[in-house]
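See below for structure-v8.csv, which holds CSV, C-alpha atoms.
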chain,number,residue,atom,x,y,z
J,1,MET,CA,-44.2,15.2,-7.9
J,2,VAL,CA,-45.9,18.0,-5.8
J,3,ARG,CA,-45.6,20.4,-8.7
J,4,LEU,CA,-47.3,17.9,-11.1
J,5,LEU,CA,-50.2,17.4,-8.7
J,6,ILE,CA,-50.7,21.1,-8.4
J,7,ILE,CA,-50.9,21.4,-12.2
J,8,PHE,CA,-53.5,18.6,-12.5
J,9,GLY,CA,-55.5,20.2,-9.6
J,10,LEU,CA,-55.5,23.6,-11.4
J,11,ILE,CA,-56.7,22.0,-14.7
J,12,ALA,CA,-59.5,20.2,-12.8
J,13,LEU,CA,-60.5,23.4,-11.0
J,14,VAL,CA,-60.6,25.3,-14.3
J,15,ALA,CA,-62.7,22.6,-15.9
J,16,ALA,CA,-65.1,22.8,-12.9
J,17,VAL,CA,-65.5,26.5,-12.9
J,18,ALA,CA,-65.7,27.1,-16.7
J,19,PRO,CA,-69.3,25.8,-17.1
J,20,TRP,CA,-70.5,28.1,-14.4
J,21,LEU,CA,-68.8,31.1,-16.0
J,22,ILE,CA,-70.6,30.4,-19.3
J,23,ASP,CA,-73.9,29.5,-17.6
J,24,GLU,CA,-73.7,25.8,-18.7
J,25,LYS,CA,-74.3,22.9,-16.3
J,26,GLY,CA,-71.9,20.6,-18.2
J,27,TYR,CA,-71.2,16.9,-17.6
J,28,VAL,CA,-68.5,14.3,-18.0
J,29,LEU,CA,-69.1,11.0,-19.8
J,30,ILE,CA,-66.5,8.2,-19.6
J,31,ALA,CA,-67.0,5.2,-21.8
J,32,PHE,CA,-64.9,2.0,-21.8
J,33,GLY,CA,-66.3,-0.9,-23.8
J,34,GLN,CA,-69.8,-1.5,-22.6
J,35,TRP,CA,-69.2,0.4,-19.4
J,36,THR,CA,-70.1,4.1,-19.1
J,37,VAL,CA,-69.7,6.6,-16.3
J,38,GLU,CA,-71.6,9.9,-16.4
J,39,GLY,CA,-71.6,12.8,-13.9
J,40,SER,CA,-71.3,16.5,-13.5
J,41,ILE,CA,-68.0,18.3,-13.8
J,42,VAL,CA,-68.1,19.3,-10.2
J,43,SER,CA,-68.4,15.7,-9.0
J,44,PHE,CA,-65.7,14.7,-11.5
J,45,VAL,CA,-63.4,17.4,-10.2
J,46,ILE,CA,-64.0,16.4,-6.6
J,47,LEU,CA,-63.4,12.8,-7.4
J,48,THR,CA,-60.2,13.7,-9.3
J,49,LEU,CA,-58.9,15.8,-6.4
J,50,ILE,CA,-59.6,13.0,-3.9
J,51,THR,CA,-57.8,10.5,-6.2
J,52,LEU,CA,-54.8,12.8,-6.6
J,53,PHE,CA,-54.7,13.4,-2.9
J,54,GLY,CA,-55.0,9.7,-2.2
J,55,GLY,CA,-52.2,9.0,-4.7
J,56,TYR,CA,-50.0,11.6,-3.0
J,57,LEU,CA,-50.6,10.1,0.4
J,58,LEU,CA,-49.7,6.6,-1.0
J,59,PHE,CA,-46.6,8.0,-2.5
J,60,CYS,CA,-45.5,9.6,0.8
J,61,LEU,CA,-46.2,6.3,2.6
J,62,LEU,CA,-44.1,4.3,0.1
J,63,ARG,CA,-41.3,6.8,0.3
J,64,TYR,CA,-41.3,6.6,4.1
J,65,VAL,CA,-41.2,2.8,4.1
J,66,VAL,CA,-38.4,2.7,1.5
J,67,ASN,CA,-36.3,5.3,3.4
J,68,SER,CA,-36.9,3.6,6.7
J,69,TYR,CA,-35.7,0.3,5.2
J,70,ARG,CA,-32.6,1.9,3.8
J,71,ASN,CA,-31.8,3.6,7.0
J,72,VAL,CA,-32.2,0.4,9.0
J,73,ARG,CA,-30.2,-1.6,6.5
J,74,HIS,CA,-27.4,1.1,6.3
J,75,GLY,CA,-27.3,1.3,10.1
J,76,PHE,CA,-27.1,-2.4,10.5
J,77,PHE,CA,-24.1,-2.7,8.0
J,78,ALA,CA,-22.5,0.4,9.4
J,79,ARG,CA,-22.6,-1.0,12.9
J,80,SER,CA,-21.3,-4.4,11.6
J,81,LYS,CA,-18.4,-2.6,9.8
J,82,GLU,CA,-17.6,-0.6,12.9
J,83,ARG,CA,-17.5,-3.8,15.0
J,84,LYS,CA,-15.2,-5.5,12.5
J,85,GLN,CA,-12.9,-2.5,12.5
J,86,ALA,CA,-12.8,-2.4,16.3
J,87,VAL,CA,-11.8,-6.1,16.3
J,88,LEU,CA,-9.0,-5.4,13.9
J,89,GLU,CA,-7.7,-2.4,15.9
J,90,GLN,CA,-7.8,-4.3,19.2
J,91,ALA,CA,-5.9,-7.2,17.6
J,92,LEU,CA,-3.2,-4.9,16.2
J,93,TRP,CA,-2.7,-3.3,19.6
J,94,ALA,CA,-2.5,-6.7,21.2
J,95,LEU,CA,0.1,-7.7,18.6
J,96,ILE,CA,2.1,-4.5,19.2
J,97,ASN,CA,2.1,-5.2,22.9
J,98,ASP,CA,3.0,-8.9,22.4
J,99,ASP,CA,-0.1,-9.8,24.3
J,100,MET,CA,-0.8,-13.1,22.5
J,101,GLN,CA,-3.5,-14.2,24.9
J,102,GLN,CA,-5.5,-11.0,24.2
J,103,LEU,CA,-4.8,-11.3,20.5
J,104,GLN,CA,-6.2,-14.8,20.3
J,105,HIS,CA,-9.2,-13.9,22.5
J,106,THR,CA,-10.0,-10.9,20.3
J,107,LEU,CA,-9.9,-12.7,17.0
J,108,SER,CA,-11.7,-15.7,18.2
J,109,LYS,CA,-14.6,-13.7,19.5
J,110,GLY,CA,-15.0,-11.3,16.5
J,111,SER,CA,-14.6,-11.2,12.8
J,112,VAL,CA,-12.9,-8.7,10.4
J,113,ASP,CA,-13.6,-7.5,6.9
J,114,GLU,CA,-12.9,-10.0,4.1
J,115,LYS,CA,-9.9,-7.9,2.8
J,116,TRP,CA,-8.2,-8.3,6.3
J,117,ARG,CA,-9.0,-12.0,6.6
J,118,ASP,CA,-5.5,-13.3,5.8
J,119,PHE,CA,-3.9,-10.8,8.3
J,120,ALA,CA,-6.3,-12.1,11.0
J,121,LEU,CA,-5.4,-15.7,10.2
J,122,ALA,CA,-1.7,-14.9,10.3
J,123,MET,CA,-2.1,-13.1,13.7
J,124,GLN,CA,-4.1,-16.0,15.1
J,125,ALA,CA,-1.4,-18.4,13.9
J,126,LYS,CA,1.2,-16.3,15.6
J,127,ALA,CA,-0.7,-16.4,18.8
J,128,ARG,CA,-1.2,-20.2,18.6
J,129,LEU,CA,2.5,-20.7,18.0
J,130,HIS,CA,3.4,-18.6,21.0
J,131,GLN,CA,1.2,-20.9,23.1
J,132,GLY,CA,2.9,-24.0,21.6
J,133,GLU,CA,-0.1,-25.1,19.5
J,134,ARG,CA,1.6,-25.8,16.2
J,135,ASP,CA,-1.2,-28.0,14.7
J,136,PHE,CA,-3.7,-25.2,15.2
J,137,ALA,CA,-1.3,-22.7,13.7
J,138,LEU,CA,-0.7,-24.9,10.7
J,139,ASN,CA,-4.4,-25.2,10.1
J,140,LEU,CA,-4.7,-21.4,10.2
J,141,LEU,CA,-1.8,-20.9,7.8
J,142,ASP,CA,-3.3,-23.5,5.4
J,143,GLU,CA,-6.4,-21.3,5.2
J,144,LEU,CA,-4.4,-18.3,3.8
J,145,SER,CA,-5.2,-17.3,0.2
J,146,ASP,CA,-2.7,-18.2,-2.5
J,147,LYS,CA,-1.9,-14.5,-2.9
J,148,ASN,CA,-0.6,-14.1,0.7
J,149,ARG,CA,0.4,-17.7,1.5
J,150,SER,CA,4.1,-16.8,1.0
J,151,GLU,CA,4.2,-13.7,3.2
J,152,PRO,CA,4.4,-15.1,6.8
J,153,VAL,CA,7.7,-16.8,6.3
J,154,ASN,CA,8.7,-16.7,10.0
J,155,LEU,CA,5.4,-18.4,10.9
J,156,TRP,CA,5.9,-21.2,8.4
J,157,LEU,CA,9.4,-21.8,9.8
J,158,ALA,CA,8.2,-21.7,13.4
J,159,ALA,CA,5.4,-24.2,12.6
J,160,HIS,CA,7.8,-26.6,11.0
J,161,SER,CA,11.5,-27.5,11.3
J,162,GLU,CA,13.7,-25.7,8.8
J,163,ALA,CA,14.6,-29.1,7.2
J,164,GLU,CA,10.9,-29.9,6.8
J,165,VAL,CA,10.1,-26.6,5.2
J,166,LEU,CA,13.0,-26.7,2.8
J,167,ALA,CA,12.3,-30.3,1.8
J,168,THR,CA,8.7,-29.6,1.1
J,169,LEU,CA,9.4,-26.5,-0.9
J,170,ARG,CA,12.2,-28.0,-2.9
J,171,SER,CA,9.9,-30.9,-3.8
J,172,GLN,CA,7.1,-28.5,-4.9
J,173,CYS,CA,9.4,-26.2,-6.8
J,174,ALA,CA,11.3,-28.9,-8.5
J,175,SER,CA,8.3,-29.3,-10.8
J,176,LYS,CA,8.0,-27.1,-13.8
J,177,LYS,CA,4.4,-26.6,-12.8
J,178,ALA,CA,5.2,-24.9,-9.6
J,179,THR,CA,3.1,-21.8,-9.1
J,180,ALA,CA,4.4,-18.2,-8.8
J,181,HIS,CA,3.2,-18.2,-5.1
J,182,GLN,CA,5.1,-21.4,-4.3
J,183,LEU,CA,8.3,-20.0,-5.9
J,184,LYS,CA,7.8,-16.8,-3.9
J,185,LEU,CA,7.5,-18.7,-0.6
J,186,TYR,CA,10.5,-20.8,-1.5
J,187,ALA,CA,12.6,-17.7,-2.3
J,188,ASN,CA,11.6,-15.9,0.9
J,189,VAL,CA,12.5,-19.0,3.0
J,190,LEU,CA,15.9,-19.3,1.2
J,191,LEU,CA,16.7,-15.6,2.0
J,192,LYS,CA,15.5,-16.0,5.6
J,193,LEU,CA,17.7,-19.1,6.1
J,194,HIS,CA,20.7,-17.4,4.2
J,195,LYS,CA,20.6,-20.0,1.4
J,196,PHE,CA,21.9,-17.4,-1.0
J,197,ASN,CA,23.4,-19.8,-3.6
J,198,GLU,CA,20.1,-21.6,-4.0
J,199,PHE,CA,18.3,-18.2,-4.2
J,200,ALA,CA,20.6,-17.2,-7.1
J,201,GLN,CA,19.8,-20.4,-8.9
J,202,LEU,CA,16.1,-19.9,-8.4
J,203,ALA,CA,16.1,-16.2,-9.5
J,204,PRO,CA,15.6,-16.8,-13.3
J,205,ARG,CA,12.4,-18.8,-12.5
J,206,LEU,CA,11.2,-16.0,-10.2
J,207,ILE,CA,11.6,-13.6,-13.1
J,208,LYS,CA,9.8,-15.9,-15.6
J,209,ALA,CA,6.9,-16.6,-13.2
J,210,GLU,CA,6.7,-12.9,-12.2
J,211,SER,CA,6.7,-14.0,-8.6
J,212,PHE,CA,8.0,-10.7,-7.3
J,213,ASP,CA,6.9,-7.2,-8.1
J,214,GLU,CA,9.3,-4.3,-8.2
J,215,ASN,CA,9.2,-3.6,-4.4
J,216,GLU,CA,9.6,-7.2,-3.5
J,217,TRP,CA,12.6,-7.5,-5.8
J,218,ASP,CA,14.1,-4.5,-4.1
J,219,TRP,CA,13.6,-6.1,-0.7
J,220,ALA,CA,15.0,-9.5,-1.9
J,221,LEU,CA,18.1,-8.0,-3.5
J,222,ARG,CA,18.8,-5.9,-0.4
J,223,ALA,CA,18.6,-9.1,1.7
J,224,TYR,CA,20.8,-11.0,-0.8
J,225,PHE,CA,23.5,-8.4,-0.6
J,226,ASP,CA,23.4,-8.1,3.2
J,227,SER,CA,26.9,-8.9,4.2
J,228,ASP,CA,29.9,-7.1,5.8
J,229,SER,CA,32.5,-8.9,3.7
J,230,ALA,CA,33.5,-7.5,0.3
J,231,THR,CA,34.7,-10.9,-0.8
J,232,THR,CA,31.3,-12.4,0.0
J,233,LEU,CA,29.5,-9.6,-1.8
J,234,GLN,CA,31.7,-10.0,-4.9
J,235,LYS,CA,31.0,-13.8,-4.9
J,236,ARG,CA,27.2,-13.3,-4.5
J,237,ASN,CA,27.2,-10.8,-7.4
J,238,SER,CA,29.1,-13.2,-9.7
J,239,ASP,CA,26.7,-16.0,-8.7
J,240,LEU,CA,23.7,-14.1,-9.9
J,241,PRO,CA,22.6,-15.0,-13.4
J,242,LYS,CA,23.0,-12.2,-16.0
J,243,ALA,CA,19.3,-11.6,-16.2
J,244,VAL,CA,19.2,-10.7,-12.5
J,245,ARG,CA,22.7,-9.3,-12.1
J,246,SER,CA,21.9,-6.1,-14.1
J,247,GLY,CA,18.8,-5.4,-12.0
J,248,GLY,CA,20.7,-6.0,-8.8
J,249,HIS,CA,23.8,-4.1,-9.7
J,250,THR,CA,22.8,-1.0,-7.8
J,251,HIS,CA,22.2,-3.1,-4.6
J,252,TYR,CA,25.7,-4.6,-5.1
J,253,LEU,CA,27.4,-1.2,-5.4
J,254,ARG,CA,25.5,0.1,-2.5
J,255,ALA,CA,26.5,-2.9,-0.3
J,256,MET,CA,30.2,-2.4,-1.3
J,257,VAL,CA,30.1,1.3,-0.5
J,258,ARG,CA,28.4,0.5,2.9
J,259,VAL,CA,31.3,-1.8,3.9
J,260,GLY,CA,33.9,0.9,2.9
J,261,GLU,CA,35.0,-0.7,-0.4
J,262,THR,CA,34.3,2.5,-2.4
J,263,ALA,CA,37.7,2.3,-4.1
J,264,ALA,CA,36.9,-1.2,-5.4
J,265,VAL,CA,33.8,0.1,-7.3
J,266,GLN,CA,34.9,3.7,-8.0
J,267,ASP,CA,35.3,3.2,-11.7
J,268,GLU,CA,31.6,2.0,-11.9
J,269,LEU,CA,30.5,5.0,-9.8
J,270,LYS,CA,32.4,7.3,-12.2
J,271,LYS,CA,30.5,5.7,-15.1
J,272,LEU,CA,27.2,6.6,-13.4
J,273,LEU,CA,28.5,10.2,-13.1
J,274,LYS,CA,29.5,10.4,-16.8
J,275,ARG,CA,26.1,8.9,-17.9
J,276,ASN,CA,24.4,11.6,-15.8
J,277,GLU,CA,22.7,8.9,-13.7
J,278,TYR,CA,22.8,11.1,-10.6
J,279,SER,CA,19.8,9.6,-8.9
J,280,GLN,CA,21.3,6.1,-9.1
J,281,LEU,CA,24.7,7.4,-7.8
J,282,LEU,CA,22.9,9.2,-5.0
J,283,SER,CA,21.1,5.9,-4.0
J,284,VAL,CA,24.5,4.1,-4.0
J,285,LEU,CA,26.2,6.7,-1.8
J,286,SER,CA,23.3,7.1,0.6
J,287,ASP,CA,24.8,4.5,3.0
J,288,ILE,CA,28.4,5.5,2.8
J,289,GLU,CA,30.2,5.9,6.2
J,290,TYR,CA,33.9,5.6,5.3
J,291,GLY,CA,36.3,4.6,2.6
J,292,GLN,CA,38.7,6.0,0.0
J,293,VAL,CA,36.7,8.6,-2.0
J,294,GLU,CA,39.4,11.1,-3.2
J,295,GLU,CA,39.1,10.2,-6.9
J,296,LEU,CA,35.3,10.1,-6.9
J,297,GLN,CA,35.3,13.4,-5.0
J,298,LYS,CA,37.5,15.0,-7.7
J,299,ALA,CA,35.3,13.7,-10.5
J,300,LEU,CA,32.2,15.1,-8.8
J,301,GLN,CA,33.8,18.5,-8.3
J,302,ALA,CA,34.8,18.6,-12.0
J,303,GLU,CA,31.2,17.9,-13.1
J,304,LEU,CA,29.9,20.5,-10.6
J,305,LYS,CA,32.0,23.1,-12.4
J,306,LYS,CA,29.7,22.5,-15.4
J,307,GLN,CA,26.5,22.4,-13.3
J,308,PRO,CA,27.3,24.2,-10.0
J,309,ASP,CA,23.6,24.1,-8.8
J,310,GLU,CA,22.8,20.5,-9.7
J,311,PRO,CA,21.1,19.3,-6.4
J,312,GLU,CA,21.7,15.5,-6.6
J,313,MET,CA,25.5,16.0,-7.3
J,314,LEU,CA,25.7,18.4,-4.5
J,315,VAL,CA,24.1,15.9,-2.1
J,316,CYS,CA,26.5,13.2,-3.3
J,317,LEU,CA,29.4,15.5,-2.6
J,318,ALA,CA,28.0,16.2,0.9
J,319,TYR,CA,27.8,12.4,1.6
J,320,LEU,CA,31.5,12.0,0.5
J,321,ALA,CA,32.5,14.8,2.8
J,322,GLN,CA,30.6,13.1,5.7
J,323,SER,CA,32.4,9.9,5.1
J,324,GLN,CA,35.7,11.8,5.7
J,325,GLY,CA,34.4,13.4,8.8
J,326,GLU,CA,34.1,16.8,7.2
J,327,HIS,CA,30.7,17.8,8.7
J,328,GLU,CA,31.2,21.5,8.4
J,329,LEU,CA,31.7,21.2,4.6
J,330,ALA,CA,28.8,18.8,4.3
J,331,ALA,CA,26.6,21.2,6.3
J,332,ARG,CA,27.5,24.1,4.0
J,333,ILE,CA,26.6,21.9,1.0
J,334,PHE,CA,23.3,21.0,2.5
J,335,ASP,CA,22.6,24.7,3.1
J,336,LYS,CA,23.1,25.3,-0.6
J,337,VAL,CA,20.7,22.5,-1.6
J,338,LEU,CA,18.1,23.6,0.9
J,339,ALA,CA,18.2,27.1,-0.6
J,340,GLN,CA,16.9,25.5,-3.8
J,341,GLN,CA,14.5,23.0,-2.3
J,342,GLN,CA,12.9,22.3,1.1
J,343,ARG,CA,13.3,18.5,1.1
J,344,LEU,CA,16.3,16.3,1.0
J,345,PRO,CA,16.4,12.7,-0.3
J,346,HIS,CA,17.8,11.3,2.9
J,347,PRO,CA,17.1,13.9,5.6
J,348,GLN,CA,18.8,11.9,8.4
J,349,ARG,CA,22.2,12.5,6.6
J,350,ALA,CA,21.8,16.3,6.8
J,351,MET,CA,20.6,16.1,10.4
J,352,GLN,CA,23.8,14.2,11.2
J,353,SER,CA,26.0,17.0,10.0
J,354,TYR,CA,23.9,19.8,11.5
J,355,ARG,CA,24.0,18.1,14.9
J,356,ALA,CA,27.8,17.5,14.6
J,357,THR,CA,28.3,21.2,13.9
J,358,GLY,CA,26.0,22.4,16.7
J,359,GLN,CA,23.1,23.5,14.4
J,360,ALA,CA,20.2,21.8,16.1
J,361,GLU,CA,17.6,24.3,14.8
J,362,LYS,CA,18.5,23.4,11.2
J,363,ALA,CA,18.3,19.7,12.0
J,364,LEU,CA,14.8,20.1,13.4
J,365,LEU,CA,13.8,22.2,10.3
J,366,VAL,CA,15.0,19.4,8.0
J,367,LEU,CA,13.0,16.8,10.1
J,368,ASP,CA,9.9,19.0,9.9
J,369,HIS,CA,10.1,19.4,6.2
J,370,SER,CA,10.6,15.7,5.7
J,371,GLN,CA,7.4,14.8,7.6
J,372,ARG,CA,5.2,17.1,5.5
Using structure tokens, write down the structure from this file.
Amino acid sequence: MVRLLIIFGLIALVAAVAPWLIDEKGYVLIAFGQWTVEGSIVSFVILTLITLFGGYLLFCLLRYVVNSYRNVRHGFFARSKERKQAVLEQALWALINDDMQQLQHTLSKGSVDEKWRDFALAMQAKARLHQGERDFALNLLDELSDKNRSEPVNLWLAAHSEAEVLATLRSQCASKKATAHQLKLYANVLLKLHKFNEFAQLAPRLIKAESFDENEWDWALRAYFDSDSATTLQKRNSDLPKAVRSGGHTHYLRAMVRVGETAAVQDELKKLLKRNEYSQLLSVLSDIEYGQVEELQKALQAELKKQPDEPEMLVCLAYLAQSQGEHELAARIFDKVLAQQQRLPHPQRAMQSYRATGQAEKALLVLDHSQR
């Protein structure tokens, strides 16, 4: 803008000086319809410069007003956002400290961003329930969005009796028009109350309605196969419909390995090995603590002769050695893997063997690499 004004000023100055250089007085005539304006070039140049200068001052004034408005507006919303963030942080600290009185006071006196509204409502409901105000808590839970209504399962159960919750959800989900969110809440409640048979019957509808995403299915199937009895785990696996059983098979194998029934599923684990599904085998063996693993160990060693540096198979072999109390062997295997890569899939397992063999420095090194 300033450059443009300078150019116009120079043009006007040349127009004013030119008549003097050629010894001509010169004049300017402006006609518009019946109106005419006549004057000397000097007066025209002076008037033009004054107009340009006045326009520049007006432009500066408008720019100052606009910038001031923007700064004030930005400052207001920035302060408002900071206040809402402070309310959320104070509420979270109160929740962590189990200070329900402070939690309720903080959220009742301030507001949070819209994206955190459901979390604030759930925290308020928790505080109300802690003080025995179930009606207030229910009103707050009813205000949750459909997306998050199924998340605070414990709060719903605390606000109602278990029988009331199950009766209501069964009635709602008996209809074919039940929403994905209603089915999700019903499934979460069933898992929370250990109604595993009903969950297995509900599973096909959860798939059809897409009530769970991948992470939620992972959590649900972990909870479904949470048992210390091999007989119970086998029954739960057989109760699952085929559409769900294939997706939950890894969780079933992992649960069986966790309770020491590796021999009962070793044929299936060998199949994973033969199909080169090393990542899945590693996931299954990540919780192994004890059990009969001789045949699986031999199969792993045979495959390692073909691929002696395959890291996932090496880690699987280390887990089997740990389950037999052979921490020195496991530590040497972890050393070999760490020579190829800095991170391990389950660092706590390596730290366990390093501590058992008096190699605390290596344990700390594994922990440091896992946190990067």
Give me, as a list in words, all polymer residues having an atom no more than 9 Å from stretch 295-307 of chain J, counting only C-alpha atoms and skipping those fewer than 6 positions away in the same chain. Thr262, Ala263, Gln266, Asp267, Leu269, Lys270, Leu273, Lys274, Met313, Leu314, Cys316, Leu317, Leu320 and Ala321 of chain J
Separation of atom CA of J:Leu88 and atom CA of J:Gln102, in Å?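 Here the two named atoms are 12.2 Å from each other.
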Please measure the separation of atom CA of J:Gly248 and atom CA of J:Ala187, giving the value in Å to one decimal.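 Atom CA of J:Gly248 sits 15.6 Å away from atom CA of J:Ala187.
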How many Å lie between atom CA of J:Gln348 and atom CA of J:Leu253, rounded to one decimal?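 Between these atoms lies a distance of 20.9 Å.
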May I have the residues within 8 Å of J:Arg170 as a PyMOL selection string, using all atoms listed in the file and disregarding those fewer than 4 positions away in the same chain? chain J and resi 166+174+186
For J:Asn188: contacts at 9 Å, only C-alpha atoms, fewer than 5 positions along chain excluded, given as a PDB file with C-alpha atoms, in the frame of the given file:
ATOM      1  CA  SER J 150       4.100 -16.800   1.000  1.00  0.00           C
ATOM      2  CA  GLU J 151       4.200 -13.700   3.200  1.00  0.00           C
ATOM      3  CA  VAL J 153       7.700 -16.800   6.300  1.00  0.00           C
ATOM      4  CA  LEU J 183       8.300 -20.000  -5.900  1.00  0.00           C
ATOM      5  CA  LEU J 193      17.700 -19.100   6.100  1.00  0.00           C
ATOM      6  CA  PHE J 199      18.300 -18.200  -4.200  1.00  0.00           C
ATOM      7  CA  ALA J 220      15.000  -9.500  -1.900  1.00  0.00           C
TER       8      ALA J 220
END
Which residues, written as a PyMOL selection string, have at least one atom at most 8 Å from stretch 135-139 of chain J, with only C-alpha atoms counted and residues fewer than 2 positions away on the same chain left out? chain J and resi 124-126+128-129+133+141-143+156+159
Out of J:Thr179, J:Asn237, J:Gln292, J:Gln322, which residue has the shortest atom-to-atom distance to J:Ser353 when counting only C-alpha atoms?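 Answer, going by the shortest atom-to-atom distance: J:Gln322.
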Test item: residues at most 8 Å from J:Val337, only C-alpha atoms, excluding those fewer than 4 positions along its chain, as JSON, numbers by chain: {"J": [309, 311, 314, 315, 333, 341]}
Proximity to J:Ala356 - best of J:Glu294, J:Asp368, J:Glu326, J:Glu198, all atoms listed in the file: J:Glu326
Using the incomplete input, complete stretch 346-352 of chain J to the level of all heavy atoms; output as a PDB file, in the coordinates of the input.
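Contents of part15.pdb, freshly written:
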ATOM      1  N   HIS J 346      17.573  12.090   1.700  1.00  0.00           N
ATOM      2  CA  HIS J 346      17.800  11.300   2.900  1.00  0.00           C
ATOM      3  C   HIS J 346      18.059  12.279   4.056  1.00  0.00           C
ATOM      4  O   HIS J 346      19.213  12.586   4.407  1.00  0.00           O
ATOM      5  CB  HIS J 346      19.056  10.389   2.717  1.00  0.00           C
ATOM      6  CG  HIS J 346      18.995   9.563   1.471  1.00  0.00           C
ATOM      7  ND1 HIS J 346      19.692   9.887   0.322  1.00  0.00           N
ATOM      8  CD2 HIS J 346      18.285   8.447   1.181  1.00  0.00           C
ATOM      9  CE1 HIS J 346      19.434   8.988  -0.610  1.00  0.00           C
ATOM     10  NE2 HIS J 346      18.587   8.110  -0.124  1.00  0.00           N
ATOM     11  N   PRO J 347      16.995  12.792   4.657  1.00  0.00           N
ATOM     12  CA  PRO J 347      17.100  13.900   5.600  1.00  0.00           C
ATOM     13  C   PRO J 347      17.981  13.531   6.835  1.00  0.00           C
ATOM     14  O   PRO J 347      18.606  14.406   7.432  1.00  0.00           O
ATOM     15  CB  PRO J 347      15.661  14.132   6.063  1.00  0.00           C
ATOM     16  CG  PRO J 347      14.890  12.917   5.660  1.00  0.00           C
ATOM     17  CD  PRO J 347      15.583  12.398   4.446  1.00  0.00           C
ATOM     18  N   GLN J 348      18.050  12.250   7.211  1.00  0.00           N
ATOM     19  CA  GLN J 348      18.800  11.900   8.400  1.00  0.00           C
ATOM     20  C   GLN J 348      20.334  12.194   8.177  1.00  0.00           C
ATOM     21  O   GLN J 348      21.060  12.467   9.141  1.00  0.00           O
ATOM     22  CB  GLN J 348      18.647  10.398   8.729  1.00  0.00           C
ATOM     23  CG  GLN J 348      19.251   9.410   7.759  1.00  0.00           C
ATOM     24  CD  GLN J 348      18.375   9.173   6.544  1.00  0.00           C
ATOM     25  OE1 GLN J 348      17.335   9.793   6.392  1.00  0.00           O
ATOM     26  NE2 GLN J 348      18.794   8.267   5.683  1.00  0.00           N
ATOM     27  N   ARG J 349      20.789  12.167   6.902  1.00  0.00           N
ATOM     28  CA  ARG J 349      22.200  12.500   6.600  1.00  0.00           C
ATOM     29  C   ARG J 349      22.485  13.949   6.934  1.00  0.00           C
ATOM     30  O   ARG J 349      23.496  14.287   7.554  1.00  0.00           O
ATOM     31  CB  ARG J 349      22.547  12.159   5.184  1.00  0.00           C
ATOM     32  CG  ARG J 349      22.407  10.703   4.768  1.00  0.00           C
ATOM     33  CD  ARG J 349      23.355   9.783   5.495  1.00  0.00           C
ATOM     34  NE  ARG J 349      24.741  10.134   5.371  1.00  0.00           N
ATOM     35  CZ  ARG J 349      25.689   9.375   4.803  1.00  0.00           C
ATOM     36  NH1 ARG J 349      25.361   8.212   4.271  1.00  0.00           N
ATOM     37  NH2 ARG J 349      26.952   9.755   4.789  1.00  0.00           N
ATOM     38  N   ALA J 350      21.584  14.837   6.483  1.00  0.00           N
ATOM     39  CA  ALA J 350      21.800  16.300   6.800  1.00  0.00           C
ATOM     40  C   ALA J 350      21.677  16.549   8.246  1.00  0.00           C
ATOM     41  O   ALA J 350      22.464  17.341   8.799  1.00  0.00           O
ATOM     42  CB  ALA J 350      20.733  17.082   5.983  1.00  0.00           C
ATOM     43  N   MET J 351      20.728  15.896   8.924  1.00  0.00           N
ATOM     44  CA  MET J 351      20.600  16.100  10.400  1.00  0.00           C
ATOM     45  C   MET J 351      21.847  15.686  11.105  1.00  0.00           C
ATOM     46  O   MET J 351      22.237  16.302  12.102  1.00  0.00           O
ATOM     47  CB  MET J 351      19.375  15.301  10.863  1.00  0.00           C
ATOM     48  CG  MET J 351      18.037  15.824  10.341  1.00  0.00           C
ATOM     49  SD  MET J 351      16.674  14.681  10.662  1.00  0.00           S
ATOM     50  CE  MET J 351      16.673  14.654  12.456  1.00  0.00           C
ATOM     51  N   GLN J 352      22.506  14.648  10.604  1.00  0.00           N
ATOM     52  CA  GLN J 352      23.800  14.200  11.200  1.00  0.00           C
ATOM     53  C   GLN J 352      24.820  15.270  11.212  1.00  0.00           C
ATOM     54  O   GLN J 352      25.491  15.526  12.228  1.00  0.00           O
ATOM     55  CB  GLN J 352      24.242  12.938  10.479  1.00  0.00           C
ATOM     56  CG  GLN J 352      25.538  12.351  11.020  1.00  0.00           C
ATOM     57  CD  GLN J 352      26.008  11.168  10.186  1.00  0.00           C
ATOM     58  OE1 GLN J 352      25.285  10.665   9.324  1.00  0.00           O
ATOM     59  NE2 GLN J 352      27.221  10.724  10.422  1.00  0.00           N
TER      60      GLN J 352
END
